[in-house]
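upload_36.txt (compact mmCIF, C-alpha atoms and all ligand atoms)
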```
# COMPACT_ATOMS: atom_id res chain seq x y z
CA MET N 826 84.51 34.23 112.41
CA GLN N 827 80.87 33.16 112.07
CA TYR N 828 79.29 30.05 113.62
CA ALA N 829 76.00 28.18 113.09
CA ASP N 830 74.07 28.13 116.37
CA ILE N 831 71.33 25.53 116.83
CA THR N 832 68.48 27.75 118.03
CA GLY N 833 65.47 25.45 117.58
CA TRP N 834 64.72 21.74 117.81
CA GLY N 835 61.64 19.67 117.12
CA LYS N 836 60.49 16.12 116.62
CA TYR N 837 57.52 14.20 115.34
CA THR N 838 57.03 10.65 116.55
CA PRO N 839 53.81 9.09 115.22
CA PRO N 840 51.29 8.21 117.94
CA ALA N 841 50.70 4.62 116.77
CA LYS N 842 52.94 2.18 118.67
CA LEU N 843 53.79 -1.30 117.40
CA SER N 844 55.23 -3.37 120.24
CA ASN N 845 57.34 -6.52 120.03
CA GLU N 846 54.33 -8.42 121.39
CA ASP N 847 52.19 -6.98 118.55
CA LEU N 848 54.77 -8.20 116.00
CA ALA N 849 54.76 -11.68 117.53
CA THR N 850 51.05 -11.96 116.72
CA PHE N 851 51.75 -12.08 112.98
CA MET N 852 55.38 -13.19 112.55
CA ASP N 853 57.61 -15.87 114.05
CA THR N 854 59.43 -13.69 116.60
CA SER N 855 59.31 -12.80 120.29
CA ASP N 856 59.85 -9.88 122.63
CA GLU N 857 62.71 -11.87 124.16
CA TRP N 858 64.55 -12.22 120.80
CA ILE N 859 64.07 -8.61 119.72
CA SER N 860 64.83 -7.04 123.12
CA SER N 861 67.94 -9.10 123.79
CA ARG N 862 69.39 -8.71 120.25
CA THR N 863 68.49 -5.05 119.63
CA GLY N 864 67.18 -3.28 122.75
CA ILE N 865 63.99 -2.35 120.87
CA LYS N 866 60.68 -2.72 122.76
CA GLU N 867 58.39 -0.84 120.38
CA ARG N 868 58.47 1.40 117.30
CA ARG N 869 56.14 4.05 115.83
CA ILE N 870 54.25 3.52 112.59
CA SER N 871 53.13 6.55 110.58
CA HIS N 872 49.96 6.95 108.57
CA ILE N 873 51.34 10.19 107.07
CA ASN N 874 54.26 10.40 104.65
CA THR N 875 57.86 11.52 105.15
CA ALA N 876 57.31 15.17 104.15
CA HIS N 877 54.36 15.60 106.50
CA MET N 878 56.36 14.19 109.43
CA ALA N 879 59.31 16.41 108.46
CA ALA N 880 57.10 19.49 108.31
CA LEU N 881 55.61 18.80 111.75
CA ALA N 882 59.09 18.43 113.28
CA GLY N 883 60.22 21.51 111.34
CA LYS N 884 57.31 23.64 112.59
CA GLN N 885 58.14 22.77 116.18
CA ALA N 886 61.82 23.64 115.65
CA LEU N 887 60.92 26.97 114.01
CA ALA N 888 58.54 27.85 116.85
CA ARG N 889 61.19 27.08 119.48
CA ALA N 890 63.72 29.21 117.59
CA GLY N 891 61.20 32.01 117.11
CA VAL N 892 62.02 32.00 113.40
CA GLU N 893 59.48 32.43 110.58
CA ALA N 894 59.56 29.87 107.77
CA ASP N 895 59.89 32.81 105.33
CA ASP N 896 63.25 33.70 106.87
CA ILE N 897 64.82 30.28 106.24
CA ASP N 898 67.38 30.29 103.39
CA LEU N 899 67.83 26.54 103.07
CA ILE N 900 65.81 23.42 103.88
CA ILE N 901 67.70 20.12 103.82
CA VAL N 902 65.77 16.90 104.31
CA ALA N 903 67.99 13.91 105.03
CA THR N 904 65.98 10.85 104.04
CA CYS N 905 66.25 7.50 102.31
CA THR N 906 62.47 7.15 102.21
CA PRO N 907 61.40 10.14 100.07
CA ASP N 908 57.74 10.68 99.16
CA THR N 909 58.80 11.09 95.52
CA LEU N 910 62.18 11.35 93.81
CA VAL N 911 60.96 14.19 91.59
CA PRO N 912 60.09 16.64 92.97
CA ASN N 913 62.14 16.29 96.11
CA THR N 914 60.75 15.90 99.64
CA ALA N 915 62.27 19.19 100.85
CA SER N 916 60.14 21.16 98.37
CA LYS N 917 57.03 19.52 99.81
CA VAL N 918 58.16 20.44 103.31
CA GLN N 919 58.64 24.04 102.21
CA ASN N 920 55.14 23.99 100.73
CA LEU N 921 53.66 22.58 103.94
CA LEU N 922 55.45 25.29 105.93
CA GLY N 923 53.66 27.84 103.74
CA THR N 924 56.68 29.58 102.27
CA ASN N 925 58.49 29.96 98.95
CA ASN N 926 61.79 31.52 99.85
CA SER N 927 64.32 28.82 100.66
CA ALA N 928 66.56 26.56 98.64
CA CYS N 929 65.31 22.96 99.02
CA VAL N 930 67.39 19.82 98.79
CA ASP N 931 67.12 16.17 99.80
CA LEU N 932 70.22 14.44 101.08
CA SER N 933 70.55 10.69 100.72
CA SER N 934 73.12 9.16 103.06
CA ALA N 935 70.79 6.79 104.91
CA CYS N 936 71.27 6.72 108.69
CA THR N 937 74.25 9.11 108.56
CA GLY N 938 72.15 11.59 106.58
CA PHE N 939 71.38 13.99 109.41
CA LEU N 940 75.06 14.47 110.29
CA TYR N 941 75.89 15.02 106.61
CA ALA N 942 73.05 17.57 106.38
CA LEU N 943 74.09 19.33 109.57
CA GLN N 944 77.66 19.65 108.32
CA ASN N 945 76.47 20.94 104.94
CA ALA N 946 74.17 23.62 106.37
CA THR N 947 76.75 24.62 109.00
CA ALA N 948 79.44 25.04 106.33
CA GLN N 949 77.16 27.30 104.25
CA ILE N 950 76.36 29.48 107.26
CA ARG N 951 79.97 29.63 108.40
CA ALA N 952 81.06 30.60 104.89
CA GLY N 953 78.59 33.48 105.00
CA MET N 954 76.56 32.17 102.05
CA ILE N 955 73.30 31.83 104.03
CA ASN N 956 72.02 32.95 107.43
CA LYS N 957 69.38 30.45 108.50
CA ALA N 958 68.75 26.79 107.71
CA LEU N 959 66.22 24.14 108.64
CA VAL N 960 67.89 20.72 108.83
CA ILE N 961 65.60 17.71 109.06
CA GLY N 962 66.03 13.95 109.29
CA ALA N 963 62.77 12.18 108.40
CA GLU N 964 61.92 8.61 107.50
CA ARG N 965 58.89 6.45 106.84
CA MET N 966 60.78 3.16 107.09
CA SER N 967 57.59 1.15 107.60
CA TRP N 968 56.55 1.80 103.99
CA PHE N 969 59.70 0.00 102.76
CA VAL N 970 59.62 -2.84 105.27
CA ASN N 971 58.69 -6.29 104.01
CA TRP N 972 56.53 -7.48 106.90
CA GLY N 973 57.14 -11.07 105.81
CA VAL N 974 60.90 -10.85 106.54
CA ARG N 975 61.41 -10.94 110.30
CA ASP N 976 65.19 -10.28 110.17
CA THR N 977 64.57 -6.68 109.06
CA ALA N 978 60.92 -5.96 109.90
CA VAL N 979 61.47 -5.84 113.66
CA LEU N 980 64.22 -3.19 113.51
CA PHE N 981 62.72 -0.10 111.94
CA GLY N 982 60.32 2.70 112.84
CA ASP N 983 59.03 6.03 111.52
CA GLY N 984 59.66 9.60 112.71
CA ALA N 985 61.30 12.97 112.10
CA GLY N 986 63.60 15.37 113.91
CA ALA N 987 64.53 18.93 112.97
CA MET N 988 66.99 21.67 113.95
CA VAL N 989 67.06 25.38 113.08
CA LEU N 990 70.53 26.82 112.47
CA GLU N 991 71.27 30.54 112.63
CA ALA N 992 74.43 32.54 112.05
CA ALA N 993 76.03 33.57 115.36
CA ASP N 994 79.21 35.27 116.57
CA ASN N 995 79.79 33.10 119.64
CA LYS N 996 81.56 29.75 119.24
CA CYS N 997 78.72 27.21 119.11
CA GLY N 998 76.91 24.70 116.90
CA LEU N 999 78.74 22.03 114.93
CA LEU N 1000 82.40 22.83 115.47
CA GLU N 1001 84.11 19.70 114.18
CA ALA N 1002 82.97 16.80 111.99
CA LYS N 1003 84.47 13.76 110.30
CA LEU N 1004 82.36 12.13 107.60
CA GLY N 1005 83.20 9.25 105.30
CA CYS N 1006 82.00 6.27 103.33
CA ASP N 1007 83.30 2.74 102.81
CA SER N 1008 81.89 1.96 99.37
CA SER N 1009 83.58 -1.46 99.30
CA ALA N 1010 80.73 -2.57 101.58
CA ARG N 1011 77.90 -0.75 99.79
CA ASP N 1012 76.24 -4.03 98.79
CA ILE N 1013 75.67 -5.28 102.33
CA LEU N 1014 72.85 -2.84 103.09
CA ASN N 1015 70.32 -1.66 100.56
CA ILE N 1016 66.72 -1.04 99.58
CA THR N 1017 66.10 -3.28 96.59
CA ASN N 1018 64.17 -2.44 93.41
CA PHE N 1019 63.95 1.31 93.88
CA GLY N 1020 65.89 3.22 91.21
CA THR N 1021 67.52 2.71 87.83
CA ASP N 1022 69.27 -0.46 88.98
CA MET N 1023 65.94 -2.26 88.96
CA ASP N 1024 64.62 -4.16 85.96
CA ARG N 1025 61.40 -2.27 85.17
CA TYR N 1026 60.18 -4.99 82.85
CA GLU N 1027 60.72 -7.97 85.15
CA ASN N 1028 57.44 -9.80 85.59
CA PRO N 1029 56.54 -10.04 88.38
CA PRO N 1030 58.68 -7.09 89.58
CA GLY N 1031 61.38 -7.85 92.17
CA PRO N 1032 60.54 -7.14 95.81
CA LEU N 1033 60.93 -3.67 97.24
CA GLN N 1034 62.49 -4.27 100.65
CA ILE N 1035 65.35 -3.56 103.01
CA ASP N 1036 68.15 -6.14 102.67
CA PHE N 1037 71.26 -6.38 104.81
CA LEU N 1038 73.94 -8.57 106.34
CA GLY N 1039 73.35 -7.79 110.03
CA PRO N 1040 76.48 -9.19 111.72
CA GLU N 1041 78.80 -7.60 109.10
CA ILE N 1042 77.12 -4.19 109.51
CA PHE N 1043 77.35 -4.55 113.26
CA LYS N 1044 81.16 -4.93 113.15
CA ARG N 1045 81.66 -2.15 110.61
CA ALA N 1046 79.31 0.21 112.50
CA VAL N 1047 81.26 -0.11 115.72
CA ARG N 1048 84.56 0.36 113.89
CA GLY N 1049 83.34 3.29 111.72
CA MET N 1050 81.58 5.25 114.46
CA GLY N 1051 84.41 4.60 116.91
CA LYS N 1052 87.12 5.79 114.52
CA ALA N 1053 85.15 8.87 113.44
CA THR N 1054 84.41 9.86 117.04
CA GLU N 1055 88.01 9.38 118.14
CA THR N 1056 89.21 11.50 115.20
CA VAL N 1057 86.79 14.32 116.04
CA MET N 1058 87.71 14.16 119.73
CA SER N 1059 91.39 14.30 118.90
CA ASN N 1060 90.95 17.21 116.43
CA ALA N 1061 88.90 19.13 118.99
CA ASN N 1062 91.23 18.14 121.83
CA LEU N 1063 88.41 16.50 123.81
CA LYS N 1064 88.74 13.75 126.40
CA ALA N 1065 86.01 11.33 127.48
CA GLU N 1066 85.28 13.36 130.62
CA ASP N 1067 84.71 16.51 128.51
CA ILE N 1068 81.70 14.98 126.79
CA ASP N 1069 78.38 15.88 128.40
CA LEU N 1070 76.33 13.69 126.08
CA LEU N 1071 76.96 11.23 123.26
CA VAL N 1072 73.99 11.11 120.87
CA PRO N 1073 74.63 8.05 118.70
CA HIS N 1074 72.58 6.68 115.81
CA GLN N 1075 70.05 4.27 117.32
CA ALA N 1076 70.35 1.06 115.27
CA ASN N 1077 71.05 -1.51 117.96
CA LEU N 1078 71.54 -1.13 121.73
CA ARG N 1079 74.51 -3.50 121.63
CA ILE N 1080 76.24 -1.30 119.01
CA ILE N 1081 75.65 1.76 121.24
CA GLU N 1082 76.97 -0.06 124.33
CA THR N 1083 80.07 -1.27 122.48
CA LEU N 1084 80.76 2.27 121.24
CA GLN N 1085 80.17 3.69 124.71
CA SER N 1086 82.65 1.29 126.29
CA LYS N 1087 85.20 1.87 123.50
CA LEU N 1088 85.01 5.61 124.22
CA LYS N 1089 85.05 4.98 128.01
CA LEU N 1090 81.83 6.91 128.62
CA LYS N 1091 79.50 6.47 131.58
CA ASP N 1092 75.81 5.57 131.14
CA GLU N 1093 74.70 9.10 131.97
CA GLN N 1094 76.91 10.39 129.13
CA CYS N 1095 75.04 8.37 126.51
CA MET N 1096 71.58 9.10 125.05
CA VAL N 1097 69.53 5.97 124.36
CA ASN N 1098 65.91 5.91 123.19
CA ILE N 1099 65.99 2.97 120.76
CA GLN N 1100 63.65 1.03 123.08
CA LYS N 1101 60.80 3.43 122.16
CA TYR N 1102 61.37 4.16 118.48
CA GLY N 1103 63.56 1.45 116.89
CA ASN N 1104 65.81 2.49 114.01
CA THR N 1105 64.35 5.55 112.28
CA SER N 1106 67.47 5.90 110.06
CA ALA N 1107 68.29 9.60 109.40
CA ALA N 1108 65.77 10.64 112.06
CA THR N 1109 67.36 8.86 115.05
CA VAL N 1110 70.01 11.52 115.80
CA PRO N 1111 67.75 14.62 115.65
CA ILE N 1112 64.93 12.85 117.54
CA ALA N 1113 67.37 11.71 120.25
CA LEU N 1114 69.01 15.14 120.48
CA CYS N 1115 65.64 16.89 120.65
CA GLU N 1116 64.42 14.48 123.31
CA ALA N 1117 67.63 14.94 125.33
CA VAL N 1118 67.05 18.71 125.35
CA GLU N 1119 63.39 18.25 126.31
CA GLN N 1120 64.43 15.96 129.17
CA GLY N 1121 66.95 18.50 130.48
CA LYS N 1122 69.93 16.27 129.61
CA VAL N 1123 71.43 19.07 127.49
CA LYS N 1124 71.96 22.66 128.56
CA ALA N 1125 73.54 25.74 127.01
CA GLY N 1126 77.30 25.37 126.58
CA ASP N 1127 77.29 21.56 126.78
CA THR N 1128 79.67 19.45 124.71
CA ILE N 1129 77.78 16.95 122.59
CA MET N 1130 79.23 14.23 120.39
CA SER N 1131 77.15 12.49 117.78
CA ALA N 1132 78.08 9.44 115.72
CA ALA N 1133 76.25 7.56 113.00
CA PHE N 1134 76.61 4.96 110.27
CA GLY N 1135 74.36 3.78 107.48
CA ALA N 1136 74.00 2.44 103.98
CA GLY N 1137 76.88 3.30 101.68
CA LEU N 1138 78.39 2.40 104.13
CA THR N 1139 78.44 5.99 105.27
CA TRP N 1140 79.79 6.90 108.67
CA GLY N 1141 80.49 10.05 110.64
CA ALA N 1142 80.81 11.92 113.89
CA GLY N 1143 80.32 15.51 114.96
CA TYR N 1144 81.14 17.72 117.93
CA ILE N 1145 78.41 20.20 118.80
CA LYS N 1146 78.76 23.03 121.31
CA TRP N 1147 75.16 23.54 122.44
N1 LIG Z 1 62.89 -13.08 115.61
C1 LIG Z 1 63.37 -14.30 115.90
N2 LIG Z 1 64.43 -14.84 115.28
C2 LIG Z 1 65.03 -14.10 114.33
C3 LIG Z 1 64.58 -12.82 113.98
C4 LIG Z 1 63.46 -12.32 114.65
N3 LIG Z 1 62.96 -11.08 114.38
N4 LIG Z 1 65.38 -12.33 113.00
C5 LIG Z 1 66.30 -13.27 112.75
N5 LIG Z 1 66.10 -14.35 113.55
C6 LIG Z 1 66.86 -15.58 113.60
C7 LIG Z 1 67.55 -15.86 112.28
O1 LIG Z 1 66.70 -16.59 111.42
C8 LIG Z 1 68.73 -16.67 112.74
O2 LIG Z 1 68.30 -17.98 112.99
P1 LIG Z 1 69.27 -19.26 112.67
O3 LIG Z 1 70.47 -19.06 113.52
O4 LIG Z 1 68.42 -20.42 113.06
O5 LIG Z 1 69.57 -19.15 111.21
C9 LIG Z 1 69.09 -16.04 114.05
O6 LIG Z 1 67.91 -15.40 114.54
C10 LIG Z 1 70.18 -15.00 113.95
O7 LIG Z 1 70.53 -14.69 115.23
P2 LIG Z 1 71.88 -13.96 115.55
O8 LIG Z 1 72.94 -14.29 114.56
O9 LIG Z 1 72.21 -14.19 116.99
O10 LIG Z 1 71.46 -12.44 115.34
P3 LIG Z 1 72.39 -11.25 115.66
O11 LIG Z 1 72.82 -11.30 117.08
O12 LIG Z 1 73.44 -11.10 114.62
O13 LIG Z 1 71.39 -10.04 115.53
C11 LIG Z 1 70.79 -8.19 114.15
C12 LIG Z 1 70.85 -9.71 114.28
C13 LIG Z 1 69.89 -7.65 115.24
C14 LIG Z 1 70.24 -7.82 112.80
C15 LIG Z 1 72.21 -7.61 114.32
O14 LIG Z 1 73.10 -8.29 113.48
C16 LIG Z 1 72.30 -6.15 114.06
O15 LIG Z 1 71.73 -5.35 114.74
N6 LIG Z 1 73.13 -5.76 113.06
C17 LIG Z 1 73.46 -4.37 112.79
C18 LIG Z 1 72.35 -3.41 112.72
C19 LIG Z 1 71.71 -3.39 111.40
O16 LIG Z 1 72.02 -4.16 110.54
N7 LIG Z 1 70.77 -2.50 111.23
C20 LIG Z 1 70.09 -2.41 109.99
C21 LIG Z 1 70.23 -1.14 109.31
S1 LIG Z 1 71.70 -0.33 109.64
C22 LIG Z 1 71.28 1.25 109.61
O17 LIG Z 1 70.97 1.77 110.64
C23 LIG Z 1 71.13 1.87 108.27
```

Could you render the structure as structure tokens?
Amino acid sequence: MQYADITGWGKYTPPAKLSNEDLATFMDTSDEWISSRTGIKERRISHINTAHMAALAGKQALARAGVEADDIDLIIVATCTPDTLVPNTASKVQNLLGTNNSACVDLSSACTGFLYALQNATAQIRAGMINKALVIGAERMSWFVNWGVRDTAVLFGDGAGAMVLEAADNKCGLLEAKLGCDSSARDILNITNFGTDMDRYENPPGPLQIDFLGPEIFKRAVRGMGKATETVMSNANLKAEDIDLLVPHQANLRIIETLQSKLKLKDEQCMVNIQKYGNTSAATVPIALCEAVEQGKVKAGDTIMSAAFGAGLTWGAGYIKW
């Protein structure tokens, strides 16, 4: 039996910080409203595009793994904010890494994208089809934000996180996952006027922006992530006390706290960094996992659970043996 060990991790969080106080200087909002409703204090805004952020995170992950870019068989970039649709963002990442060898694919499952990508790459390694993969979640949400709409503008940030996966004999990496999608609710969260649904000839063109029904997503997120996590825990025969760290998608602190209490986990079992970065969609999970390792919250052999939800409405959970 072959497994897919996570041997390298990296992140890129843009240096420019936009605080709640900064936002309140140009829109009708306040630190009090944003902090109490979401837990976010500041977010990062990138002046470089999604592929460049992804490549920086990828380089760090490769260096930590001690793997050359030339030896990677597959690059998956989970993103809903691609630089271009054709060619894909992953091919640009490959180019920036200075290699030509790997398969390159973008994966579009919004905030659940990284878990989908991790499962995909893990399955290919475990099936013996490839040996090494670079899995990245990267988003430039700020490019899509309509800064005139306070309901959405305060929530998002930019960044990238990356993991190197390598074939291994010992039981480690992503061992169990449950992914799904509730398409009946696909209309409650979307980026408008980006794709063949848009009327190209409308004059003036419709706005390109993030639209959603916040309270409805909130309820479905808690339900979806909770159910997926419980399923994975039951399949893997894990109890709450077996989990060393839960690394949830960082969309809203209150969603994370509700999930944490549903799963009966203590504060020290739950990774939270939404206060610093906001919602970076597919990048929240790899950034949070990378940061947890850097902070010594994760060590070899630990049991990690991750859970996410996003547009689609996609949802999922995964059990990782570190
Ligand atoms: N500053 C001040 N007031 C605001 C702001 C703001 N930035 N945004 C909205 N408001 C106002 C609204 O106009 C509304 O005012 P009204 O009652 O006078 O009409 C009021 O605040 C709404 O407040 P609440 O209903 O209490 O807001 P709620 O507690 O539902 O929080 C939020 C809203 C944060 C969006 C929440 O519903 C949420 O987090 N939902 C799920 C997460 C989510 O949707 N994430 C987006 C993407 S999901 C993903 O990760 C892909």

Contacts of region 967-972 of chain N at 7 Å (all atoms listed in the file; same-chain gap of 5+ positions) as a ChimeraX atom specification:
/N:870,978,981-983,1033-1035

When you draw a straight line from CA of Ser844 (chain N) to CA of Gly1103 (chain N), how long is it in Å?
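Taking CA of Ser844 (chain N) and CA of Gly1103 (chain N), their separation equals 10.2 Å.
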
Nearest to ligand LIG 1 (chain Z), chosen from N:Asp853, N:Glu867, N:Glu1093, N:Glu1119, with only C-alpha atoms and all ligand atoms counted in the distances
N:Asp853

State, in Å with one decimal place, the distance from CA of Ala1107 (chain N) to CA of Arg862 (chain N).
21.3 Å

Please give me, as a PyMOL selection string, the residues lying within 7 Å of ligand LIG 1 (chain Z) when counting all atoms listed in the file.
chain N and resi 853-855+858-859+862-863+935-936+975-977+979-980+1014+1037-1040+1042-1043+1076-1077+1104+1106+1134-1136

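The space separating CA of Val918 (chain N) from CA of Gly883 (chain N) comes to 8.4 Å.
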
For Lys1052 (chain N), which residue out of N:Ile955, N:Ala985, N:Leu1088, N:Ile1099 is the nearest one, using only C-alpha atoms?
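Residue with the minimum atom-to-atom distance to Lys1052 (chain N): N:Leu1088.
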
Considering only C-alpha atoms, return as a list in words whatever protein or nucleic-acid residues lie within 9 Å of Lys1087 (chain N), sequence-local ones (same chain, fewer than 4 positions apart) excluded.
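Everything that qualifies: Val1047, Gly1051, Glu1082 and Thr1083 of chain N.
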
Starting from the incomplete input, reconstruct N, CA and C atoms of region 942-972 of chain N and report them as a CSV table (one decimal), in the coordinates of the input.
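Resulting contents of out_33.csv:
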```csv
chain,number,residue,atom,x,y,z
N,942,ALA,N,73.9,16.4,106.6
N,942,ALA,CA,73.0,17.6,106.4
N,942,ALA,C,73.5,18.7,107.3
N,943,LEU,N,73.7,18.3,108.6
N,943,LEU,CA,74.1,19.3,109.6
N,943,LEU,C,75.4,20.0,109.2
N,944,GLN,N,76.3,19.1,108.7
N,944,GLN,CA,77.7,19.6,108.3
N,944,GLN,C,77.5,20.6,107.1
N,945,ASN,N,76.7,20.2,106.2
N,945,ASN,CA,76.5,20.9,104.9
N,945,ASN,C,75.9,22.3,105.3
N,946,ALA,N,74.8,22.3,106.0
N,946,ALA,CA,74.2,23.6,106.4
N,946,ALA,C,75.1,24.5,107.2
N,947,THR,N,75.8,23.9,108.2
N,947,THR,CA,76.8,24.6,109.0
N,947,THR,C,77.8,25.3,108.2
N,948,ALA,N,78.4,24.5,107.2
N,948,ALA,CA,79.4,25.0,106.3
N,948,ALA,C,78.9,26.2,105.5
N,949,GLN,N,77.7,26.2,105.0
N,949,GLN,CA,77.2,27.3,104.2
N,949,GLN,C,77.0,28.5,105.1
N,950,ILE,N,76.5,28.3,106.4
N,950,ILE,CA,76.4,29.5,107.3
N,950,ILE,C,77.7,30.0,107.6
N,951,ARG,N,78.7,29.1,108.0
N,951,ARG,CA,80.0,29.6,108.4
N,951,ARG,C,80.7,30.3,107.3
N,952,ALA,N,80.4,29.9,106.0
N,952,ALA,CA,81.1,30.6,104.9
N,952,ALA,C,80.4,31.9,104.6
N,953,GLY,N,79.3,32.2,105.2
N,953,GLY,CA,78.6,33.5,105.0
N,953,GLY,C,77.7,33.4,103.8
N,954,MET,N,77.4,32.3,103.3
N,954,MET,CA,76.6,32.2,102.0
N,954,MET,C,75.1,32.2,102.4
N,955,ILE,N,74.7,31.8,103.6
N,955,ILE,CA,73.3,31.8,104.0
N,955,ILE,C,73.3,32.2,105.5
N,956,ASN,N,72.1,32.6,106.0
N,956,ASN,CA,72.0,33.0,107.4
N,956,ASN,C,71.3,32.0,108.3
N,957,LYS,N,70.2,31.3,107.7
N,957,LYS,CA,69.4,30.4,108.5
N,957,LYS,C,69.1,29.2,107.7
N,958,ALA,N,69.1,28.1,108.4
N,958,ALA,CA,68.8,26.8,107.7
N,958,ALA,C,67.9,25.9,108.6
N,959,LEU,N,67.0,25.1,107.9
N,959,LEU,CA,66.2,24.1,108.6
N,959,LEU,C,66.7,22.8,108.2
N,960,VAL,N,67.3,22.0,109.1
N,960,VAL,CA,67.9,20.7,108.8
N,960,VAL,C,67.0,19.6,109.4
N,961,ILE,N,66.6,18.7,108.6
N,961,ILE,CA,65.6,17.7,109.1
N,961,ILE,C,66.1,16.3,108.7
N,962,GLY,N,65.9,15.4,109.6
N,962,GLY,CA,66.0,14.0,109.3
N,962,GLY,C,64.7,13.3,109.4
N,963,ALA,N,64.1,12.7,108.4
N,963,ALA,CA,62.8,12.2,108.4
N,963,ALA,C,62.7,10.9,107.6
N,964,GLU,N,62.0,9.9,108.2
N,964,GLU,CA,61.9,8.6,107.5
N,964,GLU,C,60.6,7.9,107.8
N,965,ARG,N,60.0,7.3,106.7
N,965,ARG,CA,58.9,6.4,106.8
N,965,ARG,C,59.4,5.0,106.5
N,966,MET,N,60.2,4.5,107.4
N,966,MET,CA,60.8,3.2,107.1
N,966,MET,C,59.7,2.1,106.9
N,967,SER,N,58.6,2.2,107.6
N,967,SER,CA,57.6,1.2,107.6
N,967,SER,C,57.0,0.9,106.2
N,968,TRP,N,57.1,1.9,105.4
N,968,TRP,CA,56.6,1.8,104.0
N,968,TRP,C,57.4,0.8,103.2
N,969,PHE,N,58.7,0.8,103.5
N,969,PHE,CA,59.7,0.0,102.8
N,969,PHE,C,59.9,-1.4,103.4
N,970,VAL,N,59.4,-1.6,104.6
N,970,VAL,CA,59.6,-2.8,105.3
N,970,VAL,C,58.8,-4.0,104.6
N,971,ASN,N,59.4,-5.1,104.4
N,971,ASN,CA,58.7,-6.3,104.0
N,971,ASN,C,58.3,-7.0,105.3
N,972,TRP,N,57.0,-6.9,105.6
N,972,TRP,CA,56.5,-7.5,106.9
N,972,TRP,C,56.6,-9.0,106.9
```
